[in-house]
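Beneath this line is the structure, given in structure tokens, with notes to follow.
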Amino acid sequence: MTAQSVILPLPSDHARFIVLRLKDLSLDELKQQLDALFTTRDRLITQHPHAEVKTAVAFGPTLWQQLYSQSPQGFKQLEPIHGSFHMPVQPADVLIHIAAQRTDICFALSQAFFEGIQDKVEVLDERVCFRNFDGRDLTGFIDGTENPQFPDDRAETALLGEDAGIFADGSFVFAQRYAHNLDKWKKLKVDAQEQVIGRTKLESIELPDDVKPENAHTARAIVEDETGEELAILRHSLPYGDGRGDQGLFFIAYTNDLNIIDQMLLQMFGTSGDGIHDRLLHFVTPMDGAYYFAPSQELLEEVLETA
């Protein structure tokens with residue numbers, strides 16, 4: 001089995017995330033549009049070999065049940081959270097993750113997918129994202145510092161193992177857009193921002209435990225097992241925005257265990273039992289959220305042949 005091409009490599013400089021519901025689009029039509037996407041992708045890879053063109057297609061739980069007779073163990077829909085802050089959920093049918101070193105290629109792939117079906121699908125989001133300087137979120141802090149860097153570690157973090165059978169080398173996906181209130185954020189001095197994040201701003205060094213507040217982002221977004229070992233997820237998040245102020249982060253993570261995401265969100269939104277929430281939520285707002293499954297390349301081809 002082979003993971004879909006966008007999952008394991010390091011993030012590209014440009015990405016486009018498409019989130020949609022089928023509405024009037026049939027499964028056969030979905031297959032045809034994904035074929036058009038992949039045909040265009042393969043052509044562009046040949047024409048622009050240095051552009052690092054990569055894709056992944058993932059499906060929501062409801063649509064997956066229509067596409068395939070079995071589901072991977074642990075696949076479910078994300079549940080909303082009503083804690084110190086509200087975390088909404090916006091279930092979707094399809095998530096398409098397009099990445100490249102060129103934004104025009106990301107656009108061309110989106111155009112190939114949507115051609116002729118614009119009125120048949122409900123597009124919940126089409127987010128154009130970019131690498132910001134040296135991998136920084138729009139808050140000015142480096143994002144994804146704890147991401148596994150080596151290929152074997154990234155695969156162990158993101159992909160289902162051989163014991164998953166037909167679902168091996170597939171991956172669960174969590175996607176959620178966060179809108180940033182940067183005017184409010186910029187009113188904090190750098191040392192106060194570092195207390196919110198739990199890292200230094202320039203060097204991205206984690207603050208010592210005796211200095212880092214309990215409600216710092218790094219304290220709430222890190223999940224540990226019973227032995228205290230951190231449970232990693234593979235982030236591909238990138239910023240988005242325009243100069244007028246619609247700015248934020250498209251958070252996307254690949255994992256082989258959605259329970260890690262569940263626990264992370266409970267800790268962040270203040271419903272994990274200790275009464276503490278992530279202070280970063282005073283400055284960023286979740287706009288949606290959902291779980292998906294990205295099958296291996298081989299299983300994806302099988303599903304699309306039989307859809």
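Ordering of the structure tokens sets the chain letters (A, B, ...), residue numbers begin anew at 1 in every chain, and ligands are numbered from 1 in the order given.
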
Could you pull out the residues in stretch 21-250 of chain A that DSSP calls strand (DSSP E) from the backbone, as a count of residues only?
-> 47

How close does each residue of stretch 213-255 of chain A get to stretch 151-163 of chain A, giving the shortest atom pair and distance in Å to one decimal for every residue with an atom at most 7 Å away, counting only C-alpha atoms, sorted by chain and residue number, as CSV?
```
residue,atom,partner,partner_atom,distance
A:Ala232,CA,A:Thr157,CA,6.2
A:Ile233,CA,A:Thr157,CA,5.9
A:Leu234,CA,A:Ala158,CA,5.9
A:Tyr254,CA,A:Ala158,CA,5.1
A:Thr255,CA,A:Ala158,CA,4.0
```

Limited to N, CA, C and O atoms, could you put the picked residues into a file as an mmCIF file, in the first residue's frame?
```
data_model
loop_
_atom_site.group_PDB
_atom_site.id
_atom_site.type_symbol
_atom_site.label_atom_id
_atom_site.label_comp_id
_atom_site.auth_asym_id
_atom_site.auth_seq_id
_atom_site.Cartn_x
_atom_site.Cartn_y
_atom_site.Cartn_z
ATOM 1 N N ALA A 232 2.200 12.186 18.993
ATOM 2 C CA ALA A 232 2.340 13.140 17.892
ATOM 3 C C ALA A 232 1.204 13.004 16.887
ATOM 4 O O ALA A 232 0.571 11.946 16.747
ATOM 5 N N ILE A 233 0.952 14.100 16.170
ATOM 6 C CA ILE A 233 0.124 14.114 14.973
ATOM 7 C C ILE A 233 0.939 14.816 13.895
ATOM 8 O O ILE A 233 1.895 15.539 14.196
ATOM 9 N N LEU A 234 0.577 14.604 12.642
ATOM 10 C CA LEU A 234 1.337 15.174 11.533
ATOM 11 C C LEU A 234 0.584 16.374 10.970
ATOM 12 O O LEU A 234 -0.412 16.233 10.268
ATOM 13 N N TYR A 254 -2.886 14.884 9.980
ATOM 14 C CA TYR A 254 -3.061 13.478 9.622
ATOM 15 C C TYR A 254 -2.618 12.627 10.809
ATOM 16 O O TYR A 254 -1.599 12.914 11.452
ATOM 17 N N THR A 255 -3.384 11.575 11.094
ATOM 18 C CA THR A 255 -3.103 10.759 12.267
ATOM 19 C C THR A 255 -3.636 9.347 12.063
ATOM 20 O O THR A 255 -4.547 9.121 11.247
#
```

Mind pulling up the distance from atom CA of A:Gln70 to atom CA of A:Pro88?
->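 Interatomic distance here is 27.6 Å.
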
For A:Met287, work out the shell of residues within 10 Å, counting only C-alpha atoms and skipping chain neighbours fewer than 6 positions away, then give it as a list in words.
->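 Near neighbours after the sequence-gap exclusion: His86, Met87, Pro88, Val89, Gln90, Gln176, Arg177, Tyr178, Ala179 and Phe250 of chain A.
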
Store the residues picked out above, limited to C-alpha atoms, as a CSV table (one decimal), in the first residue's frame.
```csv
chain,number,residue,atom,x,y,z
A,86,HIS,CA,-17.6,26.8,21.6
A,87,MET,CA,-16.1,24.5,19.0
A,88,PRO,CA,-18.4,24.0,16.0
A,89,VAL,CA,-18.5,21.1,13.6
A,90,GLN,CA,-19.3,21.3,9.9
A,176,GLN,CA,-10.5,23.1,11.0
A,177,ARG,CA,-10.2,26.7,10.0
A,178,TYR,CA,-9.2,29.3,12.7
A,179,ALA,CA,-9.9,33.0,12.2
A,250,PHE,CA,-6.2,26.3,8.0
```

Do a neighbour search on A:Gly135 at 10 Å with only C-alpha atoms, toss out local chain neighbours closer than 5 positions, and write the hits as a VMD selection string.
-> chain A and resid 11 13 130 140 to 145 237 to 239

Name the residues of stretch 34-223 of chain A that come out as helix (DSSP H, G or I) in a backbone DSSP run; write them as number ranges by chain.
-> A: 34-47, 61-67, 103-114, 151-158, 162-167, 182-185, 190-197, 217-220

Excluding stretch 39-49 of chain A and any residue of its chain fewer than 5 positions from it, enumerate the residues within 10 Å of it, using only C-alpha atoms, and give them as a PyMOL selection string.
-> chain A and resi 33-34+54-55+98+100+102+105-106+108-113

Could you write those residues out with N, CA, C and O atoms, as a CSV table (one decimal), in the first residue's frame?
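Writing done, so here's again_25.csv:
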```
chain,number,residue,atom,x,y,z
A,33,GLN,N,-14.9,13.6,-11.8
A,33,GLN,CA,-14.2,14.8,-11.5
A,33,GLN,C,-12.9,14.5,-10.8
A,33,GLN,O,-11.9,15.2,-11.1
A,34,LEU,N,-12.8,13.5,-10.0
A,34,LEU,CA,-11.5,13.2,-9.3
A,34,LEU,C,-10.6,12.6,-10.4
A,34,LEU,O,-9.4,12.9,-10.3
A,54,LYS,N,1.5,17.6,-5.3
A,54,LYS,CA,1.0,16.5,-4.5
A,54,LYS,C,-0.5,16.7,-4.1
A,54,LYS,O,-1.0,17.9,-4.1
A,55,THR,N,-1.2,15.6,-3.9
A,55,THR,CA,-2.6,15.7,-3.6
A,55,THR,C,-3.0,14.6,-2.5
A,55,THR,O,-2.3,13.6,-2.4
A,98,ILE,N,-4.5,20.0,-1.9
A,98,ILE,CA,-3.6,20.2,-3.0
A,98,ILE,C,-2.4,21.0,-2.6
A,98,ILE,O,-2.6,22.0,-1.8
A,100,ALA,N,1.7,22.4,-3.7
A,100,ALA,CA,2.8,22.6,-4.7
A,100,ALA,C,3.7,23.8,-4.4
A,100,ALA,O,3.4,24.5,-3.4
A,102,ARG,N,4.0,26.1,-6.4
A,102,ARG,CA,3.5,27.2,-7.2
A,102,ARG,C,2.0,27.3,-7.0
A,102,ARG,O,1.3,26.3,-7.1
A,105,ILE,N,-0.3,26.3,-10.0
A,105,ILE,CA,-0.6,24.9,-10.2
A,105,ILE,C,-1.7,24.4,-9.2
A,105,ILE,O,-2.6,23.6,-9.6
A,106,CYS,N,-1.7,24.9,-8.0
A,106,CYS,CA,-2.8,24.6,-7.1
A,106,CYS,C,-4.2,25.1,-7.7
A,106,CYS,O,-5.2,24.4,-7.7
A,108,ALA,N,-4.9,25.5,-11.0
A,108,ALA,CA,-5.2,24.7,-12.1
A,108,ALA,C,-5.8,23.4,-11.7
A,108,ALA,O,-6.8,22.9,-12.4
A,109,LEU,N,-5.4,22.8,-10.6
A,109,LEU,CA,-6.0,21.5,-10.1
A,109,LEU,C,-7.4,21.7,-9.6
A,109,LEU,O,-8.3,20.9,-9.8
A,110,SER,N,-7.6,22.8,-8.9
A,110,SER,CA,-8.9,23.2,-8.4
A,110,SER,C,-9.9,23.4,-9.6
A,110,SER,O,-11.0,22.9,-9.7
A,111,GLN,N,-9.4,24.1,-10.6
A,111,GLN,CA,-10.2,24.4,-11.8
A,111,GLN,C,-10.6,23.1,-12.5
A,111,GLN,O,-11.7,22.9,-13.0
A,112,ALA,N,-9.6,22.1,-12.6
A,112,ALA,CA,-9.9,20.8,-13.3
A,112,ALA,C,-11.0,20.1,-12.5
A,112,ALA,O,-11.8,19.4,-13.2
A,113,PHE,N,-10.9,20.1,-11.2
A,113,PHE,CA,-11.9,19.4,-10.4
A,113,PHE,C,-13.3,20.0,-10.6
A,113,PHE,O,-14.3,19.3,-10.8
```

Suppose you want the space between atom CA of A:Gln101 and atom CA of A:Val53; what is it in Å?
->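 It comes out at 7.3 Å.
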
A:Glu203, A:Val303, A:Glu229, A:Val173 ranked by distance to A:Asp134, top pick (using only C-alpha atoms) |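 Using only C-alpha atoms, A:Asp134 sits closest to A:Glu203.
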
Considering only C-alpha atoms, return as a ChimeraX atom specification whatever protein or nucleic-acid residues lie within 9 Å of A:Phe85, sequence-local ones (same chain, fewer than 3 positions apart) excluded.
-> /A:81-82,268-270,277,281-282,285

Quote the spacing between atom CA of A:Phe293 and atom CA of A:Ser272 in Å to one decimal place.
-> 25.3 Å
